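> Dropping the structure in here first, questions after.
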Amino acid sequence: MTTASTSDFLVLDGVAKSYGPVQAVHDVSVRVAQGEFLGLLGPSGCGKTTTLQMIAGFETPTAGRILLEGRELAGIPASRRNIGLVFQSYALFPHMTVAENVAFGLEMRRVPKPERRARVARALDLVHLTHLADRFPRQMSGGQQQRVALARALVIEPRLLLLDEPLSNLDAKLREEMQVELREVQRRVGVTTILVTHDQQEAMALCDRVAVMQGGRIVQIDAPWRAYDAPADPFVADFLGRSNRLLARIDGTTAEIAGHRFPLPEPLAALRGEVALAIRPERLRILPAGQPGLPGTVHSRVFLGGFWLVRVETPCGDMLVTVQNTGTPPAEEGAAVALDWDAHSLRRLEAAA
Amino acid sequence: MPRNDRNGALAIGFHLLFIAFILAPLVVVVLVSFTDKGFLAMPFSGASLRWWWAIGDNPRFLESFWFSLQLAFVTATLAALVAVPAALAIVRFRFPGREALMALLASPLMIPHVVLGVALLRFFAGLGLVGSFVALAAAHLVVVVPYMARLVTASLAGLDPRIERAAESLGAGRFAVFRRITLPLILPGVAGGWTLAFITSFDELTVSLFLASPSATPLPVRLFTYIDQMTDPLVASVSAALIAVTAVVLVVLDRFYPIDRLLTGERRA
Ligand SMILES: Nc1ncnc2c1ncn2[C@@H]1O[C@H](COP(=O)(O)OP(=O)(O)OP(=O)(O)O)[C@@H](O)[C@H]1O
Ligand SMILES: [Mg+2]
């Protein structure tokens, strides 16, 4: 068997898929390290499921190669790939109990009965479902079914775990609990995992790296905090959290925004002319009117528990500002304010020309 | 929506009338079979099992009864063997000729049974098979396959293909997926189709008339030719026996697969 370095555990090399005239995936290339938790993130229809199905062996790429542990997967049927797959719809076997569902993969591997029973028990324990082993899927909640699907995929000790929006059917609170649980289980088992989601928060909370997809291509692949802080283009900036746009006229080391001058950070100072800049809501500060900064009026403020979300009307459009909840509410609706920020918080929005 | 769960008095009246309309002839036939008179009459005064014993004295009827049971069993089983793979192909794959296969499976529904009977008579006459069990089974197969294919196709279409994919990703090959996942999940549909096919064959008359012979006479044909010569209450007791067999088949099916749940695809309560 060929050995691949641990950083090339899974390699997608120029993978593409078209359905007749529809190009679902264009030229996707990624390297996934052993034990890594990779997020595949993007809007609906960008090709996430198609990519996952190609890795799992249910779709055939029209171009490119997929290598797992240095071996090409083309021609190997899904049943021989030893890849665990969790569908968005769970896809549990409705005519089998929880224990039978989990045992199925071991039966297919002809694992002897005593060992099978022990491994099923261990897998159910891992997802805290031991007490429901004899239930049928339809007698369980969405979250419980999801955990059965996870146990069923993990019990075969797959080389790779693929999760297709596994949490999107759950309510917000359960989803958060399951996120913590999923991360914990993945750490404990150490299985290389790809999580497909269109929820940026989920991807950032769970993954070592996120690959942001758009229109069948990966536009950026980075650690979540780095992609958030240094988005490759306006699409990524908008997709990973909220972002404000500022149209600036740059000359020398200062930017002129709506008639006011602001200092520029080092990498941006070299630019000239009209440039679109971006800044995250948490990097903006609200000051009393009259202070130096961008003048504006508070349009609305929404209390979100840990912080306030304030919308400020300014000469260059509405700006969203998050303000830490310290016990005193921020400026009232209708109040005149000024917005200020640190120069290094500014990012350039347009893709580098 | 508690209001929508209740039927109005008018609706209940309508349903009762409808059920009475459907069941009344059956009830009359069963009642008449217990008469002690030598002619068909309703109402009658004395009750007896005389005409039920008469079935036993009439070996022709017994012979035809067994013949029809075997014919229905073989026909329904063959229909399942034809319809399940055909339905799998139609629902799971896109291939050239798919539409043609669907039309072919449904076509016997659109042909009057008399026409079908004449055509099959000519066909089997050419093969020298008229009046044989084989010819009757093949003819019945043509009649019942559309029903079977319908039911199996419907239950397959209601089956999420991702469930089969999940099984495949867990290491199950094509055949294991079929045996452990697909077949158990469509079994209610197959069982329903089998029952429907059994009953249809058991009581098929028109096509059988063309192909029957003295040595191969299904029960409905026997009854039909008997009525041609005389009408005594034996006709009623044989008909009642037919109704009983059909009812038993349905009850047995219901024990394995509750009939009201046939279409929901669930197996256990
Ligand atoms: N079998 C198919 N035939 C034709 N087009 C398809 C097929 N499957 C997917 N597509 C198209 O390919 C594109 C990508 O689909 P895919 O399911 O991978 O998107 P996705 O990123 O998973 O979206 P979502 O978040 O909505 O699940 C879509 O435009 C879709 O319409
Ligand atoms: Mg998808």
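Numbering starts fresh at 1 for the residues of each chain in the structure tokens, the chains themselves are lettered A, B, ... in the order given, and ligands are numbered from 1 as they appear.
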Skip Leu219 in chain B itself and residues of its chain fewer than 2 positions away, then list as number ranges by chain all residues within 8 Å of it, counting only C-alpha atoms.

B: 61, 64-65, 67-68, 202-203, 217, 221-223

> Those residues you just picked out, can you put them in a file as an mmCIF file, in the first residue's frame with all heavy atoms?


data_model
loop_
_atom_site.group_PDB
_atom_site.id
_atom_site.type_symbol
_atom_site.label_atom_id
_atom_site.label_comp_id
_atom_site.auth_asym_id
_atom_site.auth_seq_id
_atom_site.Cartn_x
_atom_site.Cartn_y
_atom_site.Cartn_z
ATOM 1 N N PHE B 61 -66.548 -29.663 -8.898
ATOM 2 C CA PHE B 61 -66.352 -28.369 -8.238
ATOM 3 C C PHE B 61 -65.110 -28.380 -7.353
ATOM 4 O O PHE B 61 -64.324 -27.435 -7.344
ATOM 5 C CB PHE B 61 -67.584 -27.987 -7.407
ATOM 6 C CG PHE B 61 -68.620 -27.269 -8.210
ATOM 7 C CD1 PHE B 61 -69.847 -27.853 -8.492
ATOM 8 C CD2 PHE B 61 -68.351 -25.990 -8.710
ATOM 9 C CE1 PHE B 61 -70.799 -27.193 -9.249
ATOM 10 C CE2 PHE B 61 -69.302 -25.331 -9.464
ATOM 11 C CZ PHE B 61 -70.527 -25.928 -9.729
ATOM 12 N N SER B 64 -62.054 -28.179 -9.493
ATOM 13 C CA SER B 64 -61.860 -26.821 -10.008
ATOM 14 C C SER B 64 -61.402 -25.868 -8.915
ATOM 15 O O SER B 64 -60.608 -24.955 -9.151
ATOM 16 C CB SER B 64 -63.159 -26.286 -10.615
ATOM 17 O OG SER B 64 -63.428 -26.945 -11.817
ATOM 18 N N PHE B 65 -61.914 -26.109 -7.705
ATOM 19 C CA PHE B 65 -61.517 -25.271 -6.585
ATOM 20 C C PHE B 65 -60.012 -25.374 -6.348
ATOM 21 O O PHE B 65 -59.296 -24.375 -6.275
ATOM 22 C CB PHE B 65 -62.301 -25.710 -5.342
ATOM 23 C CG PHE B 65 -61.955 -24.946 -4.108
ATOM 24 C CD1 PHE B 65 -62.434 -23.659 -3.908
ATOM 25 C CD2 PHE B 65 -61.141 -25.523 -3.134
ATOM 26 C CE1 PHE B 65 -62.109 -22.969 -2.767
ATOM 27 C CE2 PHE B 65 -60.814 -24.824 -1.988
ATOM 28 C CZ PHE B 65 -61.294 -23.545 -1.799
ATOM 29 N N PHE B 67 -57.796 -26.485 -8.441
ATOM 30 C CA PHE B 67 -57.123 -25.996 -9.650
ATOM 31 C C PHE B 67 -56.981 -24.479 -9.581
ATOM 32 O O PHE B 67 -55.917 -23.915 -9.833
ATOM 33 C CB PHE B 67 -57.932 -26.403 -10.888
ATOM 34 C CG PHE B 67 -57.280 -26.025 -12.186
ATOM 35 C CD1 PHE B 67 -56.345 -26.865 -12.777
ATOM 36 C CD2 PHE B 67 -57.589 -24.821 -12.818
ATOM 37 C CE1 PHE B 67 -55.738 -26.518 -13.970
ATOM 38 C CE2 PHE B 67 -56.973 -24.468 -14.004
ATOM 39 C CZ PHE B 67 -56.042 -25.323 -14.589
ATOM 40 N N SER B 68 -58.066 -23.788 -9.198
ATOM 41 C CA SER B 68 -58.030 -22.327 -9.139
ATOM 42 C C SER B 68 -57.077 -21.825 -8.065
ATOM 43 O O SER B 68 -56.378 -20.831 -8.250
ATOM 44 C CB SER B 68 -59.435 -21.770 -8.867
ATOM 45 O OG SER B 68 -60.106 -21.580 -10.093
ATOM 46 N N PHE B 202 -57.939 -15.735 -9.012
ATOM 47 C CA PHE B 202 -58.875 -16.709 -8.448
ATOM 48 C C PHE B 202 -60.267 -16.488 -9.007
ATOM 49 O O PHE B 202 -61.060 -17.409 -9.111
ATOM 50 C CB PHE B 202 -58.873 -16.586 -6.918
ATOM 51 C CG PHE B 202 -59.546 -17.723 -6.219
ATOM 52 C CD1 PHE B 202 -58.986 -18.995 -6.259
ATOM 53 C CD2 PHE B 202 -60.715 -17.538 -5.514
ATOM 54 C CE1 PHE B 202 -59.596 -20.059 -5.618
ATOM 55 C CE2 PHE B 202 -61.337 -18.597 -4.874
ATOM 56 C CZ PHE B 202 -60.773 -19.854 -4.921
ATOM 57 N N ASP B 203 -60.566 -15.224 -9.369
ATOM 58 C CA ASP B 203 -61.927 -15.005 -9.824
ATOM 59 C C ASP B 203 -62.032 -14.486 -11.248
ATOM 60 O O ASP B 203 -63.075 -14.039 -11.679
ATOM 61 C CB ASP B 203 -62.561 -14.217 -8.709
ATOM 62 C CG ASP B 203 -63.012 -12.848 -8.859
ATOM 63 O OD1 ASP B 203 -62.449 -11.994 -9.528
ATOM 64 O OD2 ASP B 203 -64.001 -12.699 -8.226
ATOM 65 N N THR B 217 -60.160 -26.610 -15.685
ATOM 66 C CA THR B 217 -61.290 -25.693 -15.568
ATOM 67 C C THR B 217 -61.224 -24.938 -14.246
ATOM 68 O O THR B 217 -61.445 -25.514 -13.188
ATOM 69 C CB THR B 217 -62.626 -26.457 -15.628
ATOM 70 O OG1 THR B 217 -62.591 -27.346 -16.724
ATOM 71 C CG2 THR B 217 -63.784 -25.497 -15.754
ATOM 72 N N VAL B 221 -65.067 -20.614 -14.190
ATOM 73 C CA VAL B 221 -65.535 -21.184 -15.461
ATOM 74 C C VAL B 221 -66.501 -22.327 -15.186
ATOM 75 O O VAL B 221 -67.551 -22.449 -15.818
ATOM 76 C CB VAL B 221 -64.340 -21.668 -16.312
ATOM 77 C CG1 VAL B 221 -64.827 -22.365 -17.577
ATOM 78 C CG2 VAL B 221 -63.425 -20.498 -16.661
ATOM 79 N N ARG B 222 -66.146 -23.158 -14.193
ATOM 80 C CA ARG B 222 -67.002 -24.281 -13.805
ATOM 81 C C ARG B 222 -68.386 -23.768 -13.396
ATOM 82 O O ARG B 222 -69.420 -24.274 -13.829
ATOM 83 C CB ARG B 222 -66.345 -25.036 -12.646
ATOM 84 C CG ARG B 222 -67.151 -26.174 -12.092
ATOM 85 C CD ARG B 222 -67.129 -27.387 -12.981
ATOM 86 N NE ARG B 222 -65.794 -27.966 -13.067
ATOM 87 C CZ ARG B 222 -65.400 -28.792 -14.041
ATOM 88 N NH1 ARG B 222 -66.242 -29.104 -15.010
ATOM 89 N NH2 ARG B 222 -64.184 -29.278 -14.057
ATOM 90 N N LEU B 223 -68.377 -22.726 -12.591
ATOM 91 C CA LEU B 223 -69.622 -22.154 -12.096
ATOM 92 C C LEU B 223 -70.451 -21.614 -13.251
ATOM 93 O O LEU B 223 -71.665 -21.818 -13.344
ATOM 94 C CB LEU B 223 -69.278 -21.031 -11.115
ATOM 95 C CG LEU B 223 -70.295 -20.654 -10.051
ATOM 96 C CD1 LEU B 223 -70.709 -21.876 -9.250
ATOM 97 C CD2 LEU B 223 -69.684 -19.597 -9.130
#

> Please check the contacts: residues of chain B at most 8 Å away from chain A, using only C-alpha atoms, listed as a PyMOL selection string.

chain B and resi 160+162-163+165-173+181+184-185+266-268

> Grab the residues selected above and save them as an mmCIF file, in the first residue's frame with N, CA, C and O atoms.


data_model
loop_
_atom_site.group_PDB
_atom_site.id
_atom_site.type_symbol
_atom_site.label_atom_id
_atom_site.label_comp_id
_atom_site.auth_asym_id
_atom_site.auth_seq_id
_atom_site.Cartn_x
_atom_site.Cartn_y
_atom_site.Cartn_z
ATOM 1 N N ASP B 160 -36.845 6.335 0.033
ATOM 2 C CA ASP B 160 -35.770 7.308 -0.151
ATOM 3 C C ASP B 160 -34.509 6.596 -0.639
ATOM 4 O O ASP B 160 -33.965 5.753 0.066
ATOM 5 N N ARG B 162 -31.644 7.504 -0.651
ATOM 6 C CA ARG B 162 -30.504 7.748 0.237
ATOM 7 C C ARG B 162 -30.365 6.663 1.287
ATOM 8 O O ARG B 162 -29.278 6.417 1.806
ATOM 9 N N ILE B 163 -31.502 5.985 1.610
ATOM 10 C CA ILE B 163 -31.429 4.876 2.567
ATOM 11 C C ILE B 163 -30.596 3.748 1.966
ATOM 12 O O ILE B 163 -29.754 3.154 2.635
ATOM 13 N N ARG B 165 -28.323 4.176 -0.370
ATOM 14 C CA ARG B 165 -26.944 4.676 -0.438
ATOM 15 C C ARG B 165 -26.245 4.541 0.905
ATOM 16 O O ARG B 165 -25.065 4.197 0.975
ATOM 17 N N ALA B 166 -26.985 4.842 1.978
ATOM 18 C CA ALA B 166 -26.403 4.719 3.311
ATOM 19 C C ALA B 166 -25.931 3.282 3.529
ATOM 20 O O ALA B 166 -24.822 3.046 4.020
ATOM 21 N N ALA B 167 -26.762 2.323 3.121
ATOM 22 C CA ALA B 167 -26.395 0.918 3.291
ATOM 23 C C ALA B 167 -25.145 0.606 2.476
ATOM 24 O O ALA B 167 -24.238 -0.086 2.943
ATOM 25 N N GLU B 168 -25.091 1.151 1.265
ATOM 26 C CA GLU B 168 -23.939 0.899 0.407
ATOM 27 C C GLU B 168 -22.668 1.464 1.046
ATOM 28 O O GLU B 168 -21.635 0.823 1.053
ATOM 29 N N SER B 169 -22.778 2.667 1.610
ATOM 30 C CA SER B 169 -21.590 3.272 2.213
ATOM 31 C C SER B 169 -21.147 2.489 3.442
ATOM 32 O O SER B 169 -20.004 2.597 3.864
ATOM 33 N N LEU B 170 -22.047 1.694 4.010
ATOM 34 C CA LEU B 170 -21.685 0.884 5.176
ATOM 35 C C LEU B 170 -21.106 -0.468 4.763
ATOM 36 O O LEU B 170 -20.862 -1.323 5.600
ATOM 37 N N GLY B 171 -20.931 -0.655 3.455
ATOM 38 C CA GLY B 171 -20.248 -1.855 2.998
ATOM 39 C C GLY B 171 -21.131 -2.885 2.326
ATOM 40 O O GLY B 171 -20.670 -3.976 2.010
ATOM 41 N N ALA B 172 -22.415 -2.562 2.122
ATOM 42 C CA ALA B 172 -23.312 -3.535 1.507
ATOM 43 C C ALA B 172 -23.189 -3.480 -0.010
ATOM 44 O O ALA B 172 -23.291 -2.404 -0.595
ATOM 45 N N GLY B 173 -22.983 -4.634 -0.637
ATOM 46 C CA GLY B 173 -22.963 -4.701 -2.102
ATOM 47 C C GLY B 173 -24.377 -4.597 -2.630
ATOM 48 O O GLY B 173 -25.342 -4.566 -1.864
ATOM 49 N N ILE B 181 -32.318 -4.219 2.666
ATOM 50 C CA ILE B 181 -32.928 -2.886 2.789
ATOM 51 C C ILE B 181 -34.134 -2.747 1.859
ATOM 52 O O ILE B 181 -35.260 -2.591 2.308
ATOM 53 N N PRO B 184 -37.161 -5.655 2.177
ATOM 54 C CA PRO B 184 -37.999 -5.519 3.387
ATOM 55 C C PRO B 184 -38.856 -4.251 3.363
ATOM 56 O O PRO B 184 -39.974 -4.266 3.845
ATOM 57 N N LEU B 185 -38.323 -3.190 2.789
ATOM 58 C CA LEU B 185 -39.068 -1.934 2.828
ATOM 59 C C LEU B 185 -40.199 -1.887 1.802
ATOM 60 O O LEU B 185 -41.163 -1.153 1.982
ATOM 61 N N GLU B 266 -44.842 0.911 6.614
ATOM 62 C CA GLU B 266 -44.307 0.580 7.928
ATOM 63 C C GLU B 266 -44.532 -0.892 8.204
ATOM 64 O O GLU B 266 -45.486 -1.489 7.744
ATOM 65 N N ARG B 267 -43.630 -1.470 8.979
ATOM 66 C CA ARG B 267 -43.707 -2.899 9.162
ATOM 67 C C ARG B 267 -44.251 -3.301 10.525
ATOM 68 O O ARG B 267 -45.103 -4.161 10.624
ATOM 69 N N ARG B 268 -43.740 -2.683 11.551
ATOM 70 C CA ARG B 268 -44.208 -3.087 12.877
ATOM 71 C C ARG B 268 -44.861 -1.911 13.572
ATOM 72 O O ARG B 268 -44.524 -0.765 13.308
#

> Could you pull out the residues sitting within 7 Å of ligand 2, using only C-alpha atoms and all ligand atoms, and write them as a ChimeraX atom specification?

/A:44-45,48-49,164

> Considering only C-alpha atoms, return as a count of residues only whatever protein or nucleic-acid residues lie within 9 Å of range 226-235 of chain A, sequence-local ones (same chain, fewer than 5 positions apart) excluded.

19

> Contacts between ligand 1 and chain A, please, where a residue of chain A counts if it comes within 12 Å (with only C-alpha atoms and all ligand atoms); show its shortest atom pair and distance in Å to one decimal, rows by chain and ascending number, as JSON lines.


{"residue": "A:Ala16", "atom": "CA", "partner": "ligand 1", "partner_atom_place_in_ligand_line": "12 (O)", "distance": 11.0}
{"residue": "A:Lys17", "atom": "CA", "partner": "ligand 1", "partner_atom_place_in_ligand_line": "12 (O)", "distance": 8.4}
{"residue": "A:Ser18", "atom": "CA", "partner": "ligand 1", "partner_atom_place_in_ligand_line": "5 (N)", "distance": 7.6}
{"residue": "A:Tyr19", "atom": "CA", "partner": "ligand 1", "partner_atom_place_in_ligand_line": "4 (C)", "distance": 4.8}
{"residue": "A:Gly20", "atom": "CA", "partner": "ligand 1", "partner_atom_place_in_ligand_line": "4 (C)", "distance": 7.3}
{"residue": "A:Pro21", "atom": "CA", "partner": "ligand 1", "partner_atom_place_in_ligand_line": "4 (C)", "distance": 8.5}
{"residue": "A:Val22", "atom": "CA", "partner": "ligand 1", "partner_atom_place_in_ligand_line": "5 (N)", "distance": 5.8}
{"residue": "A:Gln23", "atom": "CA", "partner": "ligand 1", "partner_atom_place_in_ligand_line": "12 (O)", "distance": 6.6}
{"residue": "A:Ala24", "atom": "CA", "partner": "ligand 1", "partner_atom_place_in_ligand_line": "12 (O)", "distance": 3.8}
{"residue": "A:Val25", "atom": "CA", "partner": "ligand 1", "partner_atom_place_in_ligand_line": "14 (C)", "distance": 6.8}
{"residue": "A:His26", "atom": "CA", "partner": "ligand 1", "partner_atom_place_in_ligand_line": "14 (C)", "distance": 10.3}
{"residue": "A:Leu40", "atom": "CA", "partner": "ligand 1", "partner_atom_place_in_ligand_line": "21 (O)", "distance": 9.0}
{"residue": "A:Leu41", "atom": "CA", "partner": "ligand 1", "partner_atom_place_in_ligand_line": "21 (O)", "distance": 8.2}
{"residue": "A:Gly42", "atom": "CA", "partner": "ligand 1", "partner_atom_place_in_ligand_line": "21 (O)", "distance": 6.5}
{"residue": "A:Pro43", "atom": "CA", "partner": "ligand 1", "partner_atom_place_in_ligand_line": "25 (O)", "distance": 5.8}
{"residue": "A:Ser44", "atom": "CA", "partner": "ligand 1", "partner_atom_place_in_ligand_line": "25 (O)", "distance": 3.5}
{"residue": "A:Gly45", "atom": "CA", "partner": "ligand 1", "partner_atom_place_in_ligand_line": "19 (O)", "distance": 3.4}
{"residue": "A:Cys46", "atom": "CA", "partner": "ligand 1", "partner_atom_place_in_ligand_line": "21 (O)", "distance": 3.9}
{"residue": "A:Gly47", "atom": "CA", "partner": "ligand 1", "partner_atom_place_in_ligand_line": "18 (O)", "distance": 3.1}
{"residue": "A:Lys48", "atom": "CA", "partner": "ligand 1", "partner_atom_place_in_ligand_line": "21 (O)", "distance": 3.7}
{"residue": "A:Thr49", "atom": "CA", "partner": "ligand 1", "partner_atom_place_in_ligand_line": "22 (O)", "distance": 3.6}
{"residue": "A:Thr50", "atom": "CA", "partner": "ligand 1", "partner_atom_place_in_ligand_line": "18 (O)", "distance": 3.6}
{"residue": "A:Thr51", "atom": "CA", "partner": "ligand 1", "partner_atom_place_in_ligand_line": "18 (O)", "distance": 6.3}
{"residue": "A:Leu52", "atom": "CA", "partner": "ligand 1", "partner_atom_place_in_ligand_line": "18 (O)", "distance": 8.0}
{"residue": "A:Gln53", "atom": "CA", "partner": "ligand 1", "partner_atom_place_in_ligand_line": "18 (O)", "distance": 8.3}
{"residue": "A:Met54", "atom": "CA", "partner": "ligand 1", "partner_atom_place_in_ligand_line": "18 (O)", "distance": 9.9}
{"residue": "A:Phe58", "atom": "CA", "partner": "ligand 1", "partner_atom_place_in_ligand_line": "1 (N)", "distance": 10.8}
{"residue": "A:Glu59", "atom": "CA", "partner": "ligand 1", "partner_atom_place_in_ligand_line": "1 (N)", "distance": 9.0}
{"residue": "A:Thr60", "atom": "CA", "partner": "ligand 1", "partner_atom_place_in_ligand_line": "1 (N)", "distance": 11.3}
{"residue": "A:Phe87", "atom": "CA", "partner": "ligand 1", "partner_atom_place_in_ligand_line": "27 (O)", "distance": 10.7}
{"residue": "A:Gln88", "atom": "CA", "partner": "ligand 1", "partner_atom_place_in_ligand_line": "27 (O)", "distance": 8.8}
{"residue": "A:Ser89", "atom": "CA", "partner": "ligand 1", "partner_atom_place_in_ligand_line": "27 (O)", "distance": 11.3}
{"residue": "A:Leu163", "atom": "CA", "partner": "ligand 1", "partner_atom_place_in_ligand_line": "22 (O)", "distance": 11.5}
{"residue": "A:Asp164", "atom": "CA", "partner": "ligand 1", "partner_atom_place_in_ligand_line": "22 (O)", "distance": 8.1}
{"residue": "A:Glu165", "atom": "CA", "partner": "ligand 1", "partner_atom_place_in_ligand_line": "27 (O)", "distance": 7.8}
{"residue": "A:Pro166", "atom": "CA", "partner": "ligand 1", "partner_atom_place_in_ligand_line": "27 (O)", "distance": 11.2}
{"residue": "A:Ser168", "atom": "CA", "partner": "ligand 1", "partner_atom_place_in_ligand_line": "25 (O)", "distance": 10.2}
{"residue": "A:Leu195", "atom": "CA", "partner": "ligand 1", "partner_atom_place_in_ligand_line": "22 (O)", "distance": 11.5}
{"residue": "A:Val196", "atom": "CA", "partner": "ligand 1", "partner_atom_place_in_ligand_line": "22 (O)", "distance": 7.9}
{"residue": "A:Thr197", "atom": "CA", "partner": "ligand 1", "partner_atom_place_in_ligand_line": "25 (O)", "distance": 7.0}
{"residue": "A:His198", "atom": "CA", "partner": "ligand 1", "partner_atom_place_in_ligand_line": "25 (O)", "distance": 6.0}
{"residue": "A:Asp199", "atom": "CA", "partner": "ligand 1", "partner_atom_place_in_ligand_line": "25 (O)", "distance": 9.5}
{"residue": "A:Val212", "atom": "CA", "partner": "ligand 1", "partner_atom_place_in_ligand_line": "21 (O)", "distance": 10.7}
{"residue": "A:Met213", "atom": "CA", "partner": "ligand 1", "partner_atom_place_in_ligand_line": "21 (O)", "distance": 8.1}
{"residue": "A:Gln214", "atom": "CA", "partner": "ligand 1", "partner_atom_place_in_ligand_line": "21 (O)", "distance": 8.5}
{"residue": "A:Gly215", "atom": "CA", "partner": "ligand 1", "partner_atom_place_in_ligand_line": "14 (C)", "distance": 8.0}
{"residue": "A:Gly216", "atom": "CA", "partner": "ligand 1", "partner_atom_place_in_ligand_line": "14 (C)", "distance": 7.0}
{"residue": "A:Arg217", "atom": "CA", "partner": "ligand 1", "partner_atom_place_in_ligand_line": "21 (O)", "distance": 10.4}
{"residue": "A:Ile218", "atom": "CA", "partner": "ligand 1", "partner_atom_place_in_ligand_line": "21 (O)", "distance": 11.4}

> In range 41-148 of chain B, what's alpha helix (DSSP H) per DSSP? Answer as an MDAnalysis selection string?

chainID B and resid 50:56 59:92 98:106 113:127 133:148
